[in-house]
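Structure below is query.txt: compact mmCIF, C-alpha atoms (C1' of nucleotides) and all ligand atoms.
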```
# COMPACT_ATOMS: atom_id res chain seq x y z
CA MET A 5 0.00 0.00 0.00
CA ASP A 6 1.62 3.21 -1.20
CA LYS A 7 0.94 6.24 0.94
CA ASN A 8 1.43 8.66 -1.92
CA SER A 9 -0.97 7.03 -4.36
CA ASP A 10 -3.40 6.55 -1.48
CA LEU A 11 -3.39 10.29 -0.95
CA GLN A 12 -3.91 10.86 -4.62
CA ARG A 13 -6.94 8.66 -4.61
CA GLN A 14 -8.56 10.72 -1.92
CA ARG A 15 -7.59 14.16 -3.16
CA PRO A 16 -6.76 13.67 -6.80
CA PHE A 17 -6.09 17.32 -7.55
CA ALA A 18 -4.10 18.20 -4.42
CA GLY A 19 -0.78 18.47 -6.21
CA THR A 20 -2.00 20.61 -9.07
CA LEU A 21 -4.10 22.69 -6.71
CA ALA A 22 -1.03 23.62 -4.71
CA ARG A 23 0.90 24.45 -7.85
CA LEU A 24 -1.86 26.67 -9.17
CA LYS A 25 -2.09 28.46 -5.85
CA SER A 26 1.64 29.10 -5.80
CA ALA A 27 1.41 30.48 -9.32
CA GLY A 28 -1.57 32.69 -8.53
CA LEU A 29 -3.76 30.96 -11.11
CA ARG A 30 -7.39 30.13 -10.40
CA PRO A 31 -8.05 26.43 -10.06
CA THR A 32 -10.48 26.01 -12.92
CA ARG A 33 -11.84 22.71 -14.11
CA GLN A 34 -9.63 22.87 -17.18
CA ARG A 35 -6.40 23.78 -15.44
CA LEU A 36 -6.91 21.11 -12.81
CA ALA A 37 -7.51 18.47 -15.44
CA LEU A 38 -4.55 19.50 -17.59
CA GLY A 39 -2.33 19.82 -14.52
CA LYS A 40 -3.27 16.32 -13.48
CA LEU A 41 -2.36 14.96 -16.90
CA LEU A 42 0.89 16.86 -16.84
CA PHE A 43 2.14 16.36 -13.31
CA ASP A 44 0.69 13.12 -12.00
CA ALA A 45 2.72 10.92 -14.31
CA GLY A 46 6.32 11.79 -13.58
CA ASP A 47 8.47 13.73 -15.99
CA ARG A 48 6.88 14.43 -19.33
CA HIS A 49 7.58 16.29 -22.57
CA VAL A 50 4.43 17.14 -24.45
CA THR A 51 3.22 19.29 -27.29
CA ALA A 52 -0.03 21.20 -27.17
CA GLU A 53 -1.65 18.87 -29.67
CA GLN A 54 -0.59 15.82 -27.67
CA LEU A 55 -1.99 17.13 -24.43
CA HIS A 56 -5.19 18.17 -26.13
CA GLY A 57 -5.47 14.66 -27.54
CA GLU A 58 -4.98 13.08 -24.12
CA ALA A 59 -7.60 15.29 -22.54
CA ASP A 60 -9.98 14.42 -25.31
CA ALA A 61 -9.28 10.71 -24.89
CA GLN A 62 -10.24 10.98 -21.23
CA GLY A 63 -13.48 12.76 -22.02
CA ILE A 64 -12.24 16.09 -20.69
CA LYS A 65 -13.70 18.91 -22.74
CA VAL A 66 -11.04 21.58 -23.27
CA SER A 67 -10.48 23.73 -26.29
CA LEU A 68 -7.12 23.77 -28.01
CA ALA A 69 -6.89 27.49 -27.28
CA THR A 70 -7.15 26.75 -23.59
CA VAL A 71 -4.47 24.10 -23.83
CA TYR A 72 -2.15 26.69 -25.39
CA ASN A 73 -3.14 29.30 -22.82
CA THR A 74 -2.52 26.89 -19.99
CA LEU A 75 0.81 25.64 -21.27
CA ASN A 76 2.00 29.21 -21.75
CA GLN A 77 0.78 30.34 -18.33
CA PHE A 78 2.34 27.32 -16.67
CA SER A 79 5.58 28.10 -18.46
CA THR A 80 5.77 31.73 -17.47
CA SER A 81 4.89 30.72 -13.91
CA GLY A 82 7.77 28.29 -13.81
CA LEU A 83 5.53 25.24 -13.51
CA LEU A 84 6.69 24.09 -16.94
CA ARG A 85 9.58 24.90 -19.18
CA GLU A 86 9.49 25.20 -22.93
CA VAL A 87 12.08 23.27 -24.90
CA VAL A 88 12.85 24.12 -28.51
CA VAL A 89 14.29 21.25 -30.48
CA ALA A 90 12.57 21.13 -33.82
CA PRO A 91 11.32 23.86 -36.09
CA GLY A 92 7.61 24.37 -36.02
CA ARG A 93 6.58 22.77 -32.77
CA SER A 94 7.05 23.49 -29.08
CA TYR A 95 7.59 20.95 -26.35
CA PHE A 96 6.68 21.59 -22.74
CA ASP A 97 8.69 19.92 -20.04
CA THR A 98 7.30 19.10 -16.59
CA ASN A 99 10.84 18.83 -15.26
CA VAL A 100 11.90 22.34 -14.37
CA ASP A 101 15.14 21.33 -12.69
CA ASP A 102 18.46 21.97 -14.33
CA HIS A 103 18.88 19.29 -16.96
CA HIS A 104 19.47 18.63 -20.63
CA HIS A 105 17.99 16.48 -23.38
CA PHE A 106 18.37 13.64 -25.76
CA PHE A 107 16.27 14.22 -28.86
CA TYR A 108 15.36 11.23 -30.99
CA GLU A 109 15.10 12.71 -34.45
CA ASP A 110 13.33 9.67 -35.84
CA ASP A 111 10.22 10.02 -33.75
CA ALA A 112 10.69 13.60 -32.54
CA THR A 113 10.82 12.50 -28.93
CA LEU A 114 12.60 14.00 -25.93
CA GLN A 115 14.31 12.32 -23.00
CA ASP A 116 15.93 13.89 -19.97
CA ILE A 117 19.63 13.81 -19.29
CA PRO A 118 20.02 14.35 -15.56
CA GLY A 119 21.70 17.64 -14.79
CA ASP A 120 24.70 16.02 -13.18
CA GLN A 121 25.33 13.60 -16.03
CA ILE A 122 26.53 16.30 -18.32
CA ALA A 123 28.80 19.18 -17.56
CA LEU A 124 30.14 22.03 -19.55
CA ALA A 125 33.82 22.61 -19.31
CA ALA A 126 35.04 26.05 -20.22
CA LEU A 127 31.84 27.85 -20.91
CA PRO A 128 33.01 31.03 -22.60
CA ASP A 129 32.32 34.36 -20.99
CA ALA A 130 29.05 35.89 -21.97
CA PRO A 131 29.53 39.07 -23.96
CA ALA A 132 29.82 42.08 -21.66
CA ASP A 133 26.40 43.46 -22.54
CA ALA A 134 24.49 40.34 -21.63
CA GLU A 135 23.97 37.68 -19.02
CA VAL A 136 23.32 33.98 -19.42
CA ALA A 137 19.65 33.18 -19.07
CA ARG A 138 19.99 29.46 -19.63
CA VAL A 139 22.19 26.90 -21.30
CA ASP A 140 20.53 24.18 -23.33
CA VAL A 141 22.33 21.09 -24.45
CA ILE A 142 20.54 18.94 -26.98
CA VAL A 143 22.06 15.63 -27.93
CA ARG A 144 20.45 14.67 -31.21
CA LEU A 145 20.13 10.95 -31.70
CA ARG A 146 19.42 8.80 -34.69
CA ARG A 147 18.26 5.27 -34.26
CA THR A 148 20.91 2.84 -35.42
CA ASP A 149 20.25 0.65 -38.45
CA GLU A 150 20.01 -2.54 -36.43
CA ASN A 151 17.15 -1.08 -34.43
CA ARG A 152 15.19 0.45 -37.25
CA SER A 153 12.02 -1.47 -37.97
CA MET B 13 45.78 45.02 -52.47
CA ASP B 14 44.12 41.85 -51.25
CA LYS B 15 44.59 38.85 -53.49
CA ASN B 16 41.41 37.15 -52.35
CA SER B 17 39.08 40.05 -52.99
CA ASP B 18 40.90 40.65 -56.25
CA LEU B 19 40.00 37.15 -57.32
CA GLN B 20 36.44 37.71 -56.30
CA ARG B 21 36.21 40.79 -58.39
CA GLN B 22 37.23 38.87 -61.46
CA ARG B 23 35.18 35.72 -60.85
CA PRO B 24 32.48 36.74 -58.44
CA PHE B 25 30.73 33.38 -58.36
CA ALA B 26 33.77 31.14 -58.25
CA GLY B 27 33.29 30.11 -54.64
CA THR B 28 29.61 29.32 -54.90
CA LEU B 29 30.14 27.64 -58.25
CA ALA B 30 32.58 25.20 -56.70
CA ARG B 31 30.24 24.54 -53.81
CA LEU B 32 27.31 23.86 -56.10
CA LYS B 33 29.40 21.51 -58.19
CA SER B 34 30.50 19.57 -55.14
CA ALA B 35 26.89 19.27 -54.08
CA GLY B 36 25.70 18.19 -57.51
CA LEU B 37 23.38 21.15 -57.86
CA ARG B 38 23.04 23.06 -61.10
CA PRO B 39 24.49 26.54 -61.01
CA THR B 40 21.33 28.47 -61.74
CA ARG B 41 21.09 32.24 -61.64
CA GLN B 42 19.15 32.05 -58.36
CA ARG B 43 21.41 29.62 -56.57
CA LEU B 44 24.50 31.56 -57.59
CA ALA B 45 23.04 34.80 -56.32
CA LEU B 46 21.85 33.33 -53.04
CA GLY B 47 25.12 31.49 -52.56
CA LYS B 48 27.01 34.71 -53.06
CA LEU B 49 24.92 36.45 -50.43
CA LEU B 50 25.37 33.55 -48.06
CA PHE B 51 29.02 32.68 -48.47
CA ASP B 52 30.86 35.80 -49.57
CA ALA B 53 30.42 37.61 -46.29
CA GLY B 54 31.97 35.34 -43.71
CA ASP B 55 29.93 33.42 -41.16
CA ARG B 56 26.24 34.18 -41.20
CA HIS B 57 23.02 33.06 -39.56
CA VAL B 58 19.98 33.91 -41.64
CA THR B 59 16.31 33.11 -41.89
CA ALA B 60 14.57 32.53 -45.19
CA GLU B 61 12.74 35.85 -44.94
CA GLN B 62 15.96 37.70 -44.22
CA LEU B 63 17.77 36.23 -47.19
CA HIS B 64 14.81 36.87 -49.41
CA GLY B 65 14.82 40.47 -48.24
CA GLU B 66 18.51 40.87 -48.99
CA ALA B 67 18.13 39.46 -52.45
CA ASP B 68 15.26 41.77 -53.08
CA ALA B 69 17.26 44.76 -51.83
CA GLN B 70 19.96 43.95 -54.38
CA GLY B 71 17.49 43.71 -57.20
CA ILE B 72 17.80 39.95 -57.49
CA LYS B 73 14.48 38.46 -58.45
CA VAL B 74 13.93 35.22 -56.52
CA SER B 75 10.72 33.84 -55.19
CA LEU B 76 10.42 33.01 -51.51
CA ALA B 77 9.69 29.41 -52.49
CA THR B 78 13.06 29.24 -54.20
CA VAL B 79 14.79 30.71 -51.19
CA TYR B 80 13.29 27.94 -49.08
CA ASN B 81 14.17 25.31 -51.66
CA THR B 82 17.72 26.56 -51.86
CA LEU B 83 18.25 26.78 -48.13
CA ASN B 84 16.91 23.27 -47.69
CA GLN B 85 18.99 21.86 -50.54
CA PHE B 86 22.11 23.59 -49.27
CA SER B 87 21.42 22.17 -45.83
CA THR B 88 20.95 18.59 -46.94
CA SER B 89 24.09 18.93 -49.08
CA GLY B 90 26.08 20.05 -46.07
CA LEU B 91 26.71 23.53 -47.46
CA LEU B 92 24.62 24.98 -44.65
CA ARG B 93 23.42 23.76 -41.32
CA GLU B 94 20.04 24.44 -39.79
CA VAL B 95 19.98 25.73 -36.22
CA VAL B 96 16.83 25.59 -34.16
CA VAL B 97 16.75 28.11 -31.35
CA ALA B 98 13.34 29.68 -31.27
CA PRO B 99 9.92 28.24 -31.86
CA GLY B 100 8.49 28.99 -35.26
CA ARG B 101 11.49 29.99 -37.30
CA SER B 102 14.58 28.35 -38.72
CA TYR B 103 18.05 29.80 -38.91
CA PHE B 104 20.57 28.67 -41.48
CA ASP B 105 24.22 28.77 -40.58
CA THR B 106 27.00 29.17 -43.13
CA ASN B 107 29.48 27.81 -40.62
CA VAL B 108 29.30 24.06 -40.91
CA ASP B 109 32.27 23.38 -38.65
CA ASP B 110 31.78 22.00 -35.18
CA HIS B 111 30.66 24.88 -33.02
CA HIS B 112 27.97 26.16 -30.70
CA HIS B 113 25.90 29.30 -30.25
CA PHE B 114 25.04 32.29 -28.19
CA PHE B 115 21.44 33.28 -28.74
CA TYR B 116 20.39 36.81 -27.86
CA GLU B 117 16.78 36.40 -26.88
CA ASP B 118 16.10 40.13 -27.07
CA ASP B 119 16.69 40.45 -30.78
CA ALA B 120 16.56 36.77 -31.75
CA THR B 121 20.12 36.85 -33.02
CA LEU B 122 22.76 34.13 -33.18
CA GLN B 123 26.49 34.30 -32.64
CA ASP B 124 29.07 31.55 -32.96
CA ILE B 125 30.97 30.10 -30.07
CA PRO B 126 34.11 28.54 -31.55
CA GLY B 127 34.10 24.76 -31.16
CA ASP B 128 37.15 24.76 -28.94
CA GLN B 129 35.83 27.41 -26.58
CA ILE B 130 33.27 25.12 -25.11
CA ALA B 131 33.65 21.50 -24.16
CA LEU B 132 31.33 18.92 -22.79
CA ALA B 133 32.62 16.98 -19.86
CA ALA B 134 30.98 13.65 -19.20
CA LEU B 135 28.64 13.39 -22.11
CA PRO B 136 26.40 10.49 -21.11
CA ASP B 137 26.33 7.38 -23.24
CA ALA B 138 23.79 7.46 -25.97
CA PRO B 139 21.06 4.90 -25.42
CA ALA B 140 22.03 1.55 -26.92
CA ASP B 141 19.57 1.77 -29.78
CA ALA B 142 20.86 5.09 -31.09
CA GLU B 143 23.90 7.05 -32.08
CA VAL B 144 24.70 10.69 -31.58
CA ALA B 145 24.01 12.71 -34.71
CA ARG B 146 25.02 16.03 -33.27
CA VAL B 147 25.30 17.92 -30.01
CA ASP B 148 23.95 21.45 -29.88
CA VAL B 149 24.78 23.83 -27.09
CA ILE B 150 22.77 27.03 -26.99
CA VAL B 151 23.73 29.67 -24.48
CA ARG B 152 20.70 31.91 -24.17
CA LEU B 153 21.55 35.48 -23.37
CA ARG B 154 19.52 38.38 -22.12
CA ARG B 155 20.82 41.88 -22.49
CA THR B 156 21.63 43.39 -19.10
CA ASP B 157 19.58 46.32 -17.83
CA GLU B 158 22.41 48.77 -18.17
CA ASN B 159 22.66 48.08 -21.86
CA ARG B 160 19.00 48.09 -22.69
CA SER B 161 18.03 51.13 -24.70
C1' DT C 2 18.85 22.63 -82.31
C1' DT C 3 16.04 19.54 -79.99
C1' DT C 4 15.16 16.98 -76.16
C1' DC C 5 15.26 16.00 -71.49
C1' DT C 6 15.24 16.76 -66.88
C1' DG C 7 16.02 19.75 -63.13
C1' DT C 8 14.48 24.34 -61.48
C1' DT C 9 11.64 28.25 -60.59
C1' DT C 10 7.40 30.40 -59.61
C1' DG C 11 2.77 32.30 -58.01
C1' DG C 12 -0.61 30.97 -55.60
C1' DA C 13 -2.97 27.72 -52.90
C1' DA C 14 -2.59 24.77 -48.99
C1' DT C 15 -0.96 23.18 -44.44
C1' DT C 16 0.58 23.58 -39.78
C1' DG C 17 1.27 25.44 -35.44
C1' DT C 18 -0.02 29.19 -32.73
C1' DT C 19 -2.23 33.52 -31.34
C1' DC C 20 -6.05 36.72 -31.34
C1' DT C 21 -10.89 38.27 -30.59
C1' DA C 22 -14.93 39.16 -28.47
C1' DA C 23 -18.61 37.02 -26.37
C1' DA C 24 -20.12 33.63 -22.93
C1' DC C 25 -18.94 31.69 -18.61
C1' DT C 26 -17.21 31.03 -13.78
C1' DA C 27 -14.42 31.60 -9.59
C1' DT C 28 -13.76 34.95 -6.04
C1' DT C 29 -14.92 38.77 -3.04
C1' DG C 30 -17.23 41.29 0.03
C1' DA C 31 -21.94 43.30 1.02
C1' DT D 22 -26.48 34.35 -0.03
C1' DC D 23 -25.98 37.20 -3.84
C1' DA D 24 -24.19 40.74 -6.71
C1' DA D 25 -20.49 42.74 -8.76
C1' DT D 26 -15.95 42.06 -10.54
C1' DA D 27 -12.22 40.23 -12.69
C1' DG D 28 -10.23 36.23 -14.54
C1' DT D 29 -11.13 32.26 -17.84
C1' DT D 30 -12.82 29.64 -21.67
C1' DT D 31 -14.12 29.10 -26.31
C1' DA D 32 -15.18 28.94 -31.41
C1' DG D 33 -13.64 30.70 -35.06
C1' DA D 34 -10.95 34.03 -37.47
C1' DA D 35 -6.38 35.54 -38.21
C1' DC D 36 -1.44 34.92 -38.63
C1' DA D 37 3.22 33.41 -39.64
C1' DA D 38 6.29 30.15 -41.35
C1' DT D 39 6.76 26.69 -44.48
C1' DT D 40 5.48 23.39 -48.01
C1' DC D 41 2.94 21.89 -52.00
C1' DC D 42 1.38 22.19 -56.80
C1' DA D 43 1.32 22.22 -61.59
C1' DA D 44 2.73 25.02 -65.22
C1' DA D 45 6.44 27.72 -67.28
C1' DC D 46 11.33 27.93 -67.76
C1' DA D 47 16.21 27.06 -68.41
C1' DG D 48 20.64 24.25 -68.08
C1' DA D 49 22.79 20.07 -69.96
C1' DA D 50 23.29 16.58 -73.19
C1' DA D 51 22.65 14.64 -77.48
MN MN E 201 5.20 30.38 -25.78
MN MN E 202 14.20 22.08 -43.34
ZN ZN E 203 13.26 17.49 -19.76
ZN ZN E 204 26.96 29.23 -36.20
```
Can you turn what I pasted into structure tokens?
Amino acid sequence: MDKNSDLQRQRPFAGTLARLKSAGLRPTRQRLALGKLLFDAGDRHVTAEQLHGEADAQGIKVSLATVYNTLNQFSTSGLLREVVVAPGRSYFDTNVDDHHHFFYEDDATLQDIPGDQIALAALPDAPADAEVARVDVIVRLRRTDENRS
Amino acid sequence: MDKNSDLQRQRPFAGTLARLKSAGLRPTRQRLALGKLLFDAGDRHVTAEQLHGEADAQGIKVSLATVYNTLNQFSTSGLLREVVVAPGRSYFDTNVDDHHHFFYEDDATLQDIPGDQIALAALPDAPADAEVARVDVIVRLRRTDENRS
DNA sequence: TTTCTGTTTGGAATTGTTCTAAACTATTGA
DNA sequence: TCAATAGTTTAGAACAATTCCAAACAGAAA
């Protein structure tokens, strides 16, 4: 019997509720549902379309516009972080800790590289007129022949 | 008197011509003109719209579709490399050597970091089913208050 | 030259995302 | 408990970047 999942069964939106409160966002039906999809399943990297599809599959009625609104609000609140890896589509990452990414080009999929498993030696000085906002490392992967179906 | 620029004055498309040949692309009027804009001015990072604008400014008649075609063909031929830094637009880089980038978020501008000025310590093993195609490091910069106009 | 095939082009189409303005709903505080 | 208020959702239009299309065009080869 897992205490954590037991808690979730009783108060299924507790986690998201706390997050919304800390971000100063009203706990609406839509945000609670999307937050649950996003945060109750461990680390995730999703696109707006994907999340909208998942909500739909679970019978949750949310417009695509709201999915975009929510993902953007969550991102600017620090609940999510946006990762840019491919032209023309945005990924949203539920892991907001310092970390980097593997990107499987074949299926356009992201995977975390723990922050301590990669280190930058000799990061050059930022130009004098600017400061470093973030450093993104993307390791682009191609499936090897032997594993291609 | 600079020998290199002297040569360019006599055979203004020589460089691009050689590149096109090596890529197996016909030296059309459009490709020669775009190649000249791209390669005769040192390292550059341009978007399709930008390049199209430059061509236009010089009186070169090229359709935007051709600019896209050309940039994509140059990229798959290895004459250019595509850099993804911001959602919704692609940058094309005339520097195809191993190197990384500063990205000024304020004006959406790229700047090279020489390959030897940044090093990855402890790059994690690629998953067994894949091989590393490329590693991109993007150092995102924000202009400091003192320098903001 | 003629033929052949690769290239260019304008315009339509597609895709991902944002905008708009009207309908709705959570919150507040009488 | 109920307005009044301000934040939220939504359908659909609008947008921006990019690709697609099919017809005209232009290098290359014969
Ligand atoms: Mn955004
Ligand atoms: Mn491309
Ligand atoms: Zn991640
Ligand atoms: Zn570069």
So that I can check the surroundings of A:Asp111, please list as a compact mmCIF listing (two decimals) with C-alpha atoms, in the frame of the given file every protein, DNA and RNA residue that reaches within 12 Å of it, counting all atoms listed in the file and ignoring chain neighbours fewer than 2 positions away.
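That gives us part.txt:
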```
# COMPACT_ATOMS: atom_id res chain seq x y z
CA ALA A 90 12.57 21.13 -33.82
CA PHE A 106 18.37 13.64 -25.76
CA PHE A 107 16.27 14.22 -28.86
CA TYR A 108 15.36 11.23 -30.99
CA GLU A 109 15.10 12.71 -34.45
CA THR A 113 10.82 12.50 -28.93
CA LEU A 114 12.60 14.00 -25.93
CA GLN A 115 14.31 12.32 -23.00
CA ARG A 144 20.45 14.67 -31.21
CA LEU A 145 20.13 10.95 -31.70
CA ARG A 146 19.42 8.80 -34.69
CA ARG A 147 18.26 5.27 -34.26
CA ARG A 152 15.19 0.45 -37.25
```
* Protein and nucleic residues near ligand ZN 203 (chain E), 9 Å, only C-alpha atoms (C1' of nucleotides) and all ligand atoms, as a list in words ->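 Sorted by chain and then by number, the residues are Asp47, Arg48, His49, Arg85, Val87, Phe96, Asp97, Thr98, Asn99, Val100, Asp101, Asp102, His103, His104, His105, Phe106, Leu114, Gln115, Asp116, Ile117 and Pro118 of chain A.
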* To do: Could you jot down the atom CA of B:Gly100 to atom CA of A:Arg93 separation for me, Å, one decimal place?
  => 7.0 Å
* To do: Might you pull out every residue within 12 Å of C:DT28, with only C-alpha atoms (C1' of nucleotides) counted and same-chain residues fewer than 2 positions away left off, and present them as JSON, numbers by chain?
  => {"A": [29, 30, 31, 32], "C": [26, 30], "D": [24, 25, 26, 27, 28]}
Listed atoms of stretch 96-109 of chain B boxed along x, y and z, 3 Å each side, centre and edge lengths in Å, one decimal, as AutoDock Vina command-line options:
```
--center_x 20.4 --center_y 26.7 --center_z -37.2 --size_x 29.8 --size_y 12.6 --size_z 17.9
```
* Asked: Using only C-alpha atoms (C1' of nucleotides), which residues sit within 6 Å of stretch 127-135 of chain B once same-chain residues fewer than 3 positions away are excluded, as a list in words?
  ->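 After dropping sequence-adjacent residues, the list is Ile122, Ala123, Leu124, Ala125, Ala126 and Leu127 of chain A; Asp110 and His111 of chain B.
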* Work out how far atom CA of A:Val88 is from atom CA of A:Leu38, in Å to one decimal. =>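 Result for atom CA of A:Leu38 versus atom CA of A:Val88: 21.1 Å, one decimal.
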* Please report as a PyMOL selection string which residues of chain C come no farther than 9 Å from chain A, using all atoms listed in the file. => chain C and resi 16-19+26-27
* Within 9 Å of ligand MN 202 (chain E), counting all atoms listed in the file, residues as a ChimeraX atom specification -> /A:91 /B:80-81,83-85,87-88,94,102 /D:39
* To do: Just give me the gap between atom CA of B:Arg146 and atom CA of B:Lys48 in Å, one decimal is fine.
  =>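 Atom CA of B:Arg146 sits 27.3 Å away from atom CA of B:Lys48.
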* Point out the residue among B:Leu44, B:Val151, B:Leu76, B:Val58 with the least atom-to-atom distance to chain D, counting only C-alpha atoms (C1' of nucleotides). => B:Leu76
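Taking only C-alpha atoms into account, A:Thr70 lies nearest to A:Arg35 out of the set A:Gly46, A:Arg35, A:Leu83, A:Val89.
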* For C:DT9: contacts at 9 Å, only C-alpha atoms (C1' of nucleotides), fewer than 5 positions along chain excluded, given as a PyMOL selection string -> (chain B and resi 42+74-75+77-78) or (chain D and resi 45-46)
* Asked: So, counting all atoms listed in the file, which residue among B:Ala145, B:Ala67, B:Val79, B:Ala53 is closest to chain D?
  ->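 Of all the options, B:Val79 lies closest to chain D.
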For the contact check between chain D and chain B, emit one row per residue of chain D within 10 Å, containing the shortest atom pair and the distance in Å rounded to one decimal, counting all atoms listed in the file, chain then rising number order, as JSON lines.
```
{"residue": "D:DA37", "atom": "C1'", "partner": "B:Gly100", "partner_atom": "CA", "distance": 8.2}
{"residue": "D:DA38", "atom": "C1'", "partner": "B:Gly100", "partner_atom": "CA", "distance": 6.6}
{"residue": "D:DT39", "atom": "C1'", "partner": "B:Tyr80", "partner_atom": "CA", "distance": 8.1}
{"residue": "D:DT40", "atom": "C1'", "partner": "B:Ala77", "partner_atom": "CA", "distance": 8.6}
{"residue": "D:DA47", "atom": "C1'", "partner": "B:Thr40", "partner_atom": "CA", "distance": 8.5}
{"residue": "D:DG48", "atom": "C1'", "partner": "B:Arg38", "partner_atom": "CA", "distance": 7.5}
{"residue": "D:DA49", "atom": "C1'", "partner": "B:Arg38", "partner_atom": "CA", "distance": 9.4}
```
Selection export as a PDB file, in the frame of the given file, atoms kept: C-alpha atoms (C1' of nucleotides):
```pdb
ATOM      1  C1'  DA D  37       3.220  33.410 -39.640  1.00  0.00           C
ATOM      2  C1'  DA D  38       6.290  30.150 -41.350  1.00  0.00           C
ATOM      3  C1'  DT D  39       6.760  26.690 -44.480  1.00  0.00           C
ATOM      4  C1'  DT D  40       5.480  23.390 -48.010  1.00  0.00           C
ATOM      5  C1'  DA D  47      16.210  27.060 -68.410  1.00  0.00           C
ATOM      6  C1'  DG D  48      20.640  24.250 -68.080  1.00  0.00           C
ATOM      7  C1'  DA D  49      22.790  20.070 -69.960  1.00  0.00           C
TER       8       DA D  49
END
```
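Candidate residues B:Ala142, B:Leu29, B:Ala35, B:Leu63 were compared for distance to chain A, and the nearest is B:Ala142, using all atoms listed in the file.
Nearest residue to chain A among B:Asp52, B:Asp137, B:Glu143, B:Asp68 is B:Glu143, counting only C-alpha atoms.
If all atoms listed in the file are the atoms counted, then among B:Asp141, B:Thr59, B:Asp118, B:Tyr103 the closest residue to ligand ZN 204 (chain E) is B:Tyr103.
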